[in-house]
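Shown next: work_23.cif, containing mmCIF, C-alpha atoms.
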data_upload
loop_
_atom_site.label_atom_id
_atom_site.label_comp_id
_atom_site.auth_asym_id
_atom_site.auth_seq_id
_atom_site.Cartn_x
_atom_site.Cartn_y
_atom_site.Cartn_z
CA MET A 1 35.60 86.97 41.99
CA SER A 2 36.97 84.76 44.75
CA LYS A 3 40.52 85.14 45.99
CA LYS A 4 41.38 81.58 44.94
CA ARG A 5 40.19 82.18 41.38
CA LYS A 6 42.03 85.52 41.24
CA ASN A 7 45.29 83.87 42.31
CA PHE A 8 44.78 81.16 39.69
CA LEU A 9 44.32 83.72 36.93
CA GLU A 10 47.39 85.68 38.06
CA LEU A 11 49.55 82.53 38.06
CA THR A 12 48.19 81.56 34.66
CA ALA A 13 49.08 84.97 33.25
CA ILE A 14 52.57 84.85 34.76
CA TYR A 15 53.31 81.38 33.41
CA GLY A 16 51.83 82.38 30.06
CA VAL A 17 54.24 85.32 29.77
CA ILE A 18 57.15 83.07 30.80
CA ALA A 19 56.16 80.49 28.19
CA VAL A 20 55.98 83.12 25.43
CA MET A 21 59.39 84.53 26.38
CA PHE A 22 60.82 81.01 26.51
CA VAL A 23 59.64 80.33 22.97
CA ILE A 24 60.97 83.68 21.73
CA ILE A 25 64.42 82.91 23.21
CA LEU A 26 64.59 79.20 22.38
CA TYR A 27 63.29 79.29 18.80
CA PRO A 28 66.28 81.15 17.27
CA LEU A 29 68.69 78.91 19.18
CA LEU A 30 67.03 75.78 17.86
CA TRP A 31 67.13 77.20 14.33
CA ALA A 32 70.83 78.02 14.64
CA PHE A 33 71.68 74.55 15.93
CA GLY A 34 69.50 72.84 13.33
CA LEU A 35 71.00 74.99 10.59
CA SER A 36 74.49 73.92 11.63
CA LEU A 37 73.51 70.26 11.15
CA ASN A 38 72.27 70.69 7.58
CA PRO A 39 74.62 69.01 5.09
CA GLY A 40 74.68 71.90 2.58
CA THR A 41 76.11 75.37 3.00
CA SER A 42 73.18 77.38 1.66
CA LEU A 43 70.48 78.98 3.75
CA TYR A 44 67.95 78.20 1.04
CA GLY A 45 66.37 74.80 1.62
CA ALA A 46 67.78 74.41 5.13
CA ARG A 47 65.51 72.96 7.77
CA MET A 48 65.42 73.30 11.53
CA ILE A 49 65.26 69.50 11.86
CA PRO A 50 67.29 68.16 8.89
CA GLU A 51 66.67 64.65 7.61
CA ASN A 52 70.31 63.87 6.85
CA TRP A 53 72.00 65.73 9.68
CA SER A 54 75.74 65.67 10.22
CA PHE A 55 78.55 67.44 12.07
CA VAL A 56 80.51 68.07 8.90
CA HIS A 57 80.51 71.84 9.40
CA TYR A 58 81.93 71.55 12.91
CA GLU A 59 84.65 69.30 11.51
CA TRP A 60 85.35 71.81 8.72
CA LEU A 61 85.86 74.64 11.20
CA PHE A 62 88.67 72.81 12.98
CA THR A 63 90.30 70.80 10.18
CA ASP A 64 90.05 72.72 6.91
CA PRO A 65 93.20 74.80 6.21
CA ARG A 66 91.04 77.55 4.67
CA SER A 67 89.31 78.07 7.99
CA ASN A 68 90.88 80.41 10.55
CA TYR A 69 88.31 79.47 13.16
CA VAL A 70 90.81 78.00 15.62
CA THR A 71 92.94 81.15 15.41
CA TRP A 72 89.89 83.36 15.92
CA TYR A 73 88.80 81.24 18.87
CA LYS A 74 92.25 81.51 20.45
CA ASN A 75 92.33 85.28 19.92
CA THR A 76 88.92 85.69 21.49
CA LEU A 77 89.82 83.58 24.51
CA ILE A 78 93.01 85.62 25.03
CA VAL A 79 91.10 88.89 24.85
CA ALA A 80 88.25 87.62 27.03
CA LEU A 81 90.46 86.19 29.79
CA ALA A 82 92.77 89.22 29.86
CA THR A 83 89.84 91.65 29.83
CA SER A 84 87.99 89.78 32.56
CA PHE A 85 91.03 89.62 34.87
CA PHE A 86 92.42 93.13 34.43
CA ALA A 87 89.00 94.80 34.27
CA THR A 88 87.92 93.13 37.52
CA LEU A 89 91.19 94.12 39.19
CA MET A 90 91.07 97.74 38.02
CA VAL A 91 87.39 98.12 38.82
CA SER A 92 87.98 96.72 42.32
CA LEU A 93 90.84 99.14 43.00
CA VAL A 94 88.86 102.14 41.78
CA ALA A 95 85.74 101.11 43.69
CA TYR A 96 87.77 100.52 46.87
CA ALA A 97 89.29 103.99 46.65
CA PHE A 98 85.91 105.68 46.18
CA SER A 99 84.31 103.59 48.92
CA ARG A 100 86.90 103.82 51.68
CA TYR A 101 88.79 107.09 51.15
CA ARG A 102 87.83 110.76 51.12
CA PHE A 103 89.79 112.93 48.68
CA MET A 104 89.38 116.02 46.54
CA GLY A 105 87.20 115.35 43.51
CA ARG A 106 85.65 112.19 44.89
CA LYS A 107 82.06 113.40 44.51
CA ASN A 108 82.69 114.74 41.01
CA GLY A 109 84.37 111.48 40.09
CA LEU A 110 81.27 109.52 41.05
CA TYR A 111 79.15 111.89 38.98
CA ALA A 112 81.55 111.39 36.08
CA PHE A 113 81.05 107.61 36.27
CA LEU A 114 77.29 108.07 36.11
CA LEU A 115 77.64 110.50 33.22
CA LEU A 116 79.92 108.22 31.20
CA GLN A 117 77.41 105.37 31.50
CA MET A 118 74.92 107.47 29.54
CA PHE A 119 77.05 107.53 26.38
CA PRO A 120 77.81 104.44 24.28
CA VAL A 121 81.40 103.51 23.42
CA LEU A 122 80.48 103.96 19.76
CA MET A 123 80.71 107.74 20.22
CA ALA A 124 84.43 107.47 21.00
CA MET A 125 85.36 105.13 18.14
CA VAL A 126 87.11 107.80 16.07
CA ALA A 127 89.14 109.03 19.04
CA LEU A 128 90.07 105.48 20.03
CA TYR A 129 91.16 104.69 16.48
CA ILE A 130 93.41 107.78 16.37
CA LEU A 131 94.92 107.05 19.79
CA LEU A 132 95.70 103.42 18.96
CA ASN A 133 97.22 104.50 15.67
CA LEU A 134 99.44 107.06 17.44
CA VAL A 135 100.81 104.54 19.96
CA GLY A 136 101.19 101.75 17.40
CA LEU A 137 98.56 99.43 18.87
CA LEU A 138 96.20 99.44 15.91
CA ASP A 139 95.48 95.95 14.54
CA SER A 140 96.64 94.29 17.77
CA LEU A 141 94.92 92.30 20.49
CA LEU A 142 96.68 94.38 23.15
CA GLY A 143 95.04 97.56 21.89
CA LEU A 144 91.65 95.85 21.93
CA ILE A 145 92.20 94.62 25.49
CA ILE A 146 93.19 98.10 26.70
CA ILE A 147 89.99 99.59 25.27
CA TYR A 148 87.83 96.89 26.85
CA VAL A 149 89.49 97.32 30.26
CA GLY A 150 89.23 101.11 30.13
CA GLY A 151 85.60 100.98 29.08
CA ALA A 152 84.74 98.60 31.92
CA ILE A 153 85.86 100.96 34.69
CA PRO A 154 83.09 103.59 34.56
CA MET A 155 80.46 100.96 33.81
CA ASN A 156 81.27 98.72 36.79
CA ALA A 157 83.13 100.80 39.38
CA PHE A 158 79.96 102.48 40.61
CA LEU A 159 78.30 99.06 40.99
CA VAL A 160 81.20 97.53 42.94
CA LYS A 161 81.57 100.68 45.03
CA GLY A 162 77.98 100.28 46.20
CA TYR A 163 78.72 96.72 47.28
CA PHE A 164 81.89 97.78 49.12
CA ASP A 165 79.82 100.34 51.02
CA THR A 166 77.78 97.51 52.55
CA ILE A 167 80.89 95.91 54.09
CA PRO A 168 81.33 97.22 57.66
CA ARG A 169 84.21 99.64 58.10
CA GLU A 170 84.92 98.05 61.49
CA LEU A 171 86.63 95.19 59.66
CA ASP A 172 89.08 97.62 58.06
CA GLU A 173 89.78 99.34 61.36
CA SER A 174 90.35 96.06 63.19
CA ALA A 175 92.81 94.93 60.52
CA ARG A 176 94.72 98.21 60.66
CA ILE A 177 94.95 97.97 64.45
CA ASP A 178 96.61 94.57 63.92
CA GLY A 179 99.12 96.19 61.60
CA ALA A 180 97.57 95.53 58.17
CA GLY A 181 98.28 98.02 55.39
CA HIS A 182 96.00 99.31 52.68
CA PHE A 183 96.74 96.56 50.17
CA ARG A 184 96.48 93.81 52.76
CA VAL A 185 93.06 95.08 53.80
CA PHE A 186 92.05 95.23 50.15
CA PHE A 187 93.25 91.78 49.10
CA GLN A 188 92.60 89.80 52.29
CA ILE A 189 89.39 91.38 53.58
CA MET A 190 87.55 93.33 50.90
CA LEU A 191 88.02 91.06 47.89
CA PRO A 192 87.01 87.80 49.63
CA LEU A 193 83.85 89.45 50.98
CA ALA A 194 83.04 90.95 47.57
CA LYS A 195 83.31 87.72 45.56
CA PRO A 196 79.64 87.76 44.45
CA ILE A 197 79.78 91.19 42.81
CA LEU A 198 83.27 90.55 41.42
CA ALA A 199 81.97 87.35 39.84
CA VAL A 200 79.28 89.37 38.07
CA VAL A 201 81.86 91.87 36.78
CA ALA A 202 84.20 89.09 35.65
CA LEU A 203 81.42 87.25 33.82
CA PHE A 204 80.14 90.32 31.98
CA ASN A 205 83.65 91.35 30.90
CA PHE A 206 84.42 87.81 29.78
CA MET A 207 81.30 87.73 27.61
CA ALA A 208 81.90 91.11 25.95
CA PRO A 209 84.67 90.10 23.47
CA PHE A 210 82.58 87.13 22.29
CA MET A 211 79.57 89.34 21.57
CA ASP A 212 81.18 92.56 20.34
CA PHE A 213 81.59 93.14 16.62
CA ILE A 214 81.84 96.90 16.08
CA LEU A 215 84.98 97.58 18.11
CA PRO A 216 87.05 94.69 16.64
CA ARG A 217 85.84 95.74 13.18
CA ILE A 218 87.40 99.18 13.67
CA VAL A 219 90.57 98.15 15.50
CA LEU A 220 91.57 94.88 13.79
CA ARG A 221 92.66 94.58 10.16
CA SER A 222 94.61 91.32 9.73
CA PRO A 223 92.57 88.07 9.47
CA GLU A 224 94.98 86.34 11.85
CA ASN A 225 94.05 88.89 14.55
CA PHE A 226 90.28 88.64 14.12
CA THR A 227 88.01 87.69 17.00
CA LEU A 228 85.15 85.24 16.53
CA ALA A 229 82.42 87.79 15.90
CA LEU A 230 84.48 89.54 13.23
CA GLY A 231 85.77 86.35 11.65
CA LEU A 232 82.38 84.67 11.43
CA PHE A 233 80.93 87.79 9.82
CA ASN A 234 83.18 87.19 6.82
CA PHE A 235 81.48 83.82 6.24
CA VAL A 236 78.32 85.58 5.07
CA ASN A 237 79.59 89.08 4.22
CA ASP A 238 81.47 88.50 0.98
CA GLN A 239 79.64 88.97 -2.29
CA PHE A 240 79.67 85.29 -3.21
CA ALA A 241 79.79 83.90 0.34
CA ASN A 242 77.26 81.19 1.05
CA ASN A 243 78.45 79.67 4.31
CA PHE A 244 75.41 80.16 6.50
CA THR A 245 75.52 76.64 7.93
CA ARG A 246 79.20 77.01 8.83
CA PHE A 247 78.41 80.39 10.32
CA ALA A 248 75.72 78.76 12.48
CA ALA A 249 78.12 76.03 13.62
CA GLY A 250 80.72 78.59 14.63
CA ALA A 251 78.13 80.69 16.43
CA ILE A 252 76.90 77.70 18.45
CA LEU A 253 80.43 76.95 19.69
CA ILE A 254 80.75 80.49 21.04
CA ALA A 255 78.40 79.52 23.86
CA VAL A 256 80.74 76.80 25.19
CA PRO A 257 83.32 78.94 27.10
CA ILE A 258 80.64 81.36 28.30
CA ALA A 259 78.59 78.47 29.71
CA LEU A 260 81.68 76.99 31.42
CA VAL A 261 82.57 80.30 33.06
CA TYR A 262 78.97 80.81 34.13
CA LEU A 263 78.85 77.35 35.73
CA PHE A 264 82.16 78.01 37.49
CA LEU A 265 80.92 81.33 38.92
CA GLN A 266 77.36 80.20 39.53
CA ARG A 267 77.69 79.73 43.28
CA TYR A 268 79.05 83.26 43.66
CA LEU A 269 76.29 84.70 41.46
CA ILE A 270 73.61 83.00 43.53
CA SER A 271 75.18 84.08 46.82
CA GLY A 272 75.36 87.62 45.47
CA LEU A 273 71.61 87.65 44.86
CA THR A 274 70.79 86.24 48.30
CA SER A 275 73.26 88.36 50.28
CA GLY A 276 72.28 91.49 48.39
CA ALA A 277 68.76 91.16 49.74
CA THR A 278 69.95 91.30 53.37
CA LYS A 279 72.90 93.72 53.20
CA GLY A 280 72.55 97.36 54.05
#

Represent the structure from my file as structure tokens, please.
Amino acid sequence: MSKKRKNFLELTAIYGVIAVMFVIILYPLLWAFGLSLNPGTSLYGARMIPENWSFVHYEWLFTDPRSNYVTWYKNTLIVALATSFFATLMVSLVAYAFSRYRFMGRKNGLYAFLLLQMFPVLMAMVALYILLNLVGLLDSLLGLIIIYVGGAIPMNAFLVKGYFDTIPRELDESARIDGAGHFRVFFQIMLPLAKPILAVVALFNFMAPFMDFILPRIVLRSPENFTLALGLFNFVNDQFANNFTRFAAGAILIAVPIALVYLFLQRYLISGLTSGATKG
């Protein structure tokens, strides 16, 4: 077999796999969007390309007094923004300490981060429920935010620490010679240089509250405190619920803030991929 023919077959196989994956990913999305445009509320008889399509379900989500969708959307945005900001800040501080300082227990702390990544948060649900109940933060967005921020530290600190290690220590030493303190070095030198990896951490922690269902299900009790994933579940969970088209409309709108944040951080994500290939 000639080299040219072999390359052609390899490219054909690669593009074939990409095409199959594209269909697998796109097909459910098209079904969800088409389902949200069907005029009825039942899943039975719905079509991916409806004949008499309309945006009546999107209008119902925002205008009907029986719908708490706007409240759920606001709650989710509050949790997502707070989690993204505080988790990125805490992860950066922890990663900076492990990257730049030598102290007792540093090596064991790094091993602890690796060990904690092996166990899902689901294993600690009972303990988290008891702790939130003891401090009076059960059924509150603040309690949910604290859990998200705490859970983000072991999952991301090791990643950010590895990126901080690639930044030359000579920059720190030069700044300290000029009189800069620890926090000035951290905020004015380390954080600007680590924007790509911090953008990744911020994006992942912003997405988590939109996608997570189990943790809000355990922590939150009042409908006015529900997040989107938990609130939308009630559309199809009740015994006589038949709001699959409204559920689809609400699920489609979840992608809007995530897409906006991704577009805003896109330049940092791309620079993180390119710089990561040359660092170290």

### Summary
For A:Lys74, the closest of A:Phe204, A:Phe226, A:Phe235, A:Tyr111 counting only C-alpha atoms is A:Phe226

### Distance in Å - atom CA of A:Phe187 versus atom CA of A:Leu93
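Distance between the two atoms: 9.9 Å.
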
### Task
Quick one: apply the PyMOL selection byres ((chain A and resi 214-225) around 6) to the file and drop the selected residues here as a VMD selection string.
chain A and resid 138 to 139 213 226

Can you list what the PyMOL selection byres ((chain A and resi 22-39) around 7) grabs from this structure, as a compact mmCIF listing (two decimals) with C-alpha atoms, keeping the file's coordinate frame?
# COMPACT_ATOMS: atom_id res chain seq x y z
CA ILE A 18 57.15 83.07 30.80
CA ALA A 19 56.16 80.49 28.19
CA VAL A 20 55.98 83.12 25.43
CA MET A 21 59.39 84.53 26.38
CA GLY A 40 74.68 71.90 2.58
CA THR A 41 76.11 75.37 3.00
CA ALA A 46 67.78 74.41 5.13
CA ARG A 47 65.51 72.96 7.77
CA MET A 48 65.42 73.30 11.53
CA ILE A 49 65.26 69.50 11.86
CA PRO A 50 67.29 68.16 8.89
CA ASN A 52 70.31 63.87 6.85
CA TRP A 53 72.00 65.73 9.68
CA SER A 54 75.74 65.67 10.22
CA PHE A 55 78.55 67.44 12.07
CA HIS A 57 80.51 71.84 9.40
CA THR A 245 75.52 76.64 7.93
CA ARG A 246 79.20 77.01 8.83
CA ALA A 248 75.72 78.76 12.48
CA ALA A 249 78.12 76.03 13.62
CA ILE A 252 76.90 77.70 18.45

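Straight-line separation from atom CA of A:Leu110 to atom CA of A:Phe158: 7.2 Å.
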
Incomplete stretch 135-146 of chain A filled out to all heavy atoms as a compact mmCIF listing (two decimals), keeping the file's coordinate frame:
# COMPACT_ATOMS: atom_id res chain seq x y z
N VAL A 135 99.93 105.33 19.08
CA VAL A 135 100.81 104.54 19.96
C VAL A 135 101.21 103.21 19.33
O VAL A 135 101.89 102.41 19.96
CB VAL A 135 100.14 104.30 21.32
CG1 VAL A 135 99.87 105.60 22.03
CG2 VAL A 135 98.84 103.51 21.16
N GLY A 136 100.79 102.96 18.10
CA GLY A 136 101.19 101.75 17.40
C GLY A 136 100.50 100.49 17.85
O GLY A 136 101.05 99.39 17.70
N LEU A 137 99.31 100.60 18.40
CA LEU A 137 98.56 99.43 18.87
C LEU A 137 97.36 99.12 17.99
O LEU A 137 96.52 98.30 18.37
CB LEU A 137 98.10 99.64 20.31
CG LEU A 137 99.20 99.67 21.37
CD1 LEU A 137 98.62 99.93 22.75
CD2 LEU A 137 99.99 98.36 21.36
N LEU A 138 97.28 99.76 16.84
CA LEU A 138 96.20 99.44 15.91
C LEU A 138 96.45 98.06 15.30
O LEU A 138 97.59 97.68 15.03
CB LEU A 138 96.12 100.50 14.81
CG LEU A 138 94.82 100.57 14.00
CD1 LEU A 138 93.65 100.93 14.89
CD2 LEU A 138 94.96 101.57 12.87
N ASP A 139 95.39 97.31 15.08
CA ASP A 139 95.48 95.95 14.54
C ASP A 139 96.26 95.04 15.49
O ASP A 139 97.10 94.24 15.06
CB ASP A 139 96.10 95.95 13.15
CG ASP A 139 95.93 94.61 12.45
OD1 ASP A 139 95.00 93.86 12.80
OD2 ASP A 139 96.75 94.30 11.56
N SER A 140 96.00 95.16 16.79
CA SER A 140 96.64 94.29 17.77
C SER A 140 95.65 93.93 18.85
O SER A 140 94.75 94.72 19.19
CB SER A 140 97.87 94.96 18.39
OG SER A 140 97.49 96.03 19.21
N LEU A 141 95.80 92.74 19.41
CA LEU A 141 94.92 92.30 20.49
C LEU A 141 95.16 93.11 21.76
O LEU A 141 94.22 93.32 22.54
CB LEU A 141 95.14 90.81 20.77
CG LEU A 141 94.83 89.85 19.62
CD1 LEU A 141 95.07 88.41 20.04
CD2 LEU A 141 93.39 90.02 19.14
N LEU A 142 96.39 93.58 21.96
CA LEU A 142 96.68 94.38 23.15
C LEU A 142 95.89 95.69 23.14
O LEU A 142 95.35 96.10 24.16
CB LEU A 142 98.19 94.67 23.21
CG LEU A 142 98.65 95.54 24.39
CD1 LEU A 142 98.28 94.90 25.72
CD2 LEU A 142 100.15 95.80 24.30
N GLY A 143 95.83 96.34 21.99
CA GLY A 143 95.04 97.56 21.89
C GLY A 143 93.57 97.31 22.18
O GLY A 143 92.91 98.12 22.85
N LEU A 144 93.06 96.19 21.68
CA LEU A 144 91.65 95.85 21.93
C LEU A 144 91.41 95.60 23.41
O LEU A 144 90.39 96.03 23.97
CB LEU A 144 91.28 94.62 21.10
CG LEU A 144 89.80 94.24 21.03
CD1 LEU A 144 88.99 95.35 20.38
CD2 LEU A 144 89.63 92.93 20.27
N ILE A 145 92.34 94.91 24.06
CA ILE A 145 92.20 94.62 25.49
C ILE A 145 92.21 95.91 26.30
O ILE A 145 91.40 96.08 27.24
CB ILE A 145 93.33 93.68 25.95
CG1 ILE A 145 93.15 92.29 25.31
CG2 ILE A 145 93.34 93.55 27.47
CD1 ILE A 145 94.33 91.36 25.55
N ILE A 146 93.10 96.84 25.96
CA ILE A 146 93.19 98.10 26.70
C ILE A 146 91.87 98.87 26.61
O ILE A 146 91.39 99.44 27.59
CB ILE A 146 94.36 98.95 26.16
CG1 ILE A 146 95.69 98.28 26.51
CG2 ILE A 146 94.31 100.36 26.73
CD1 ILE A 146 96.89 98.98 25.92
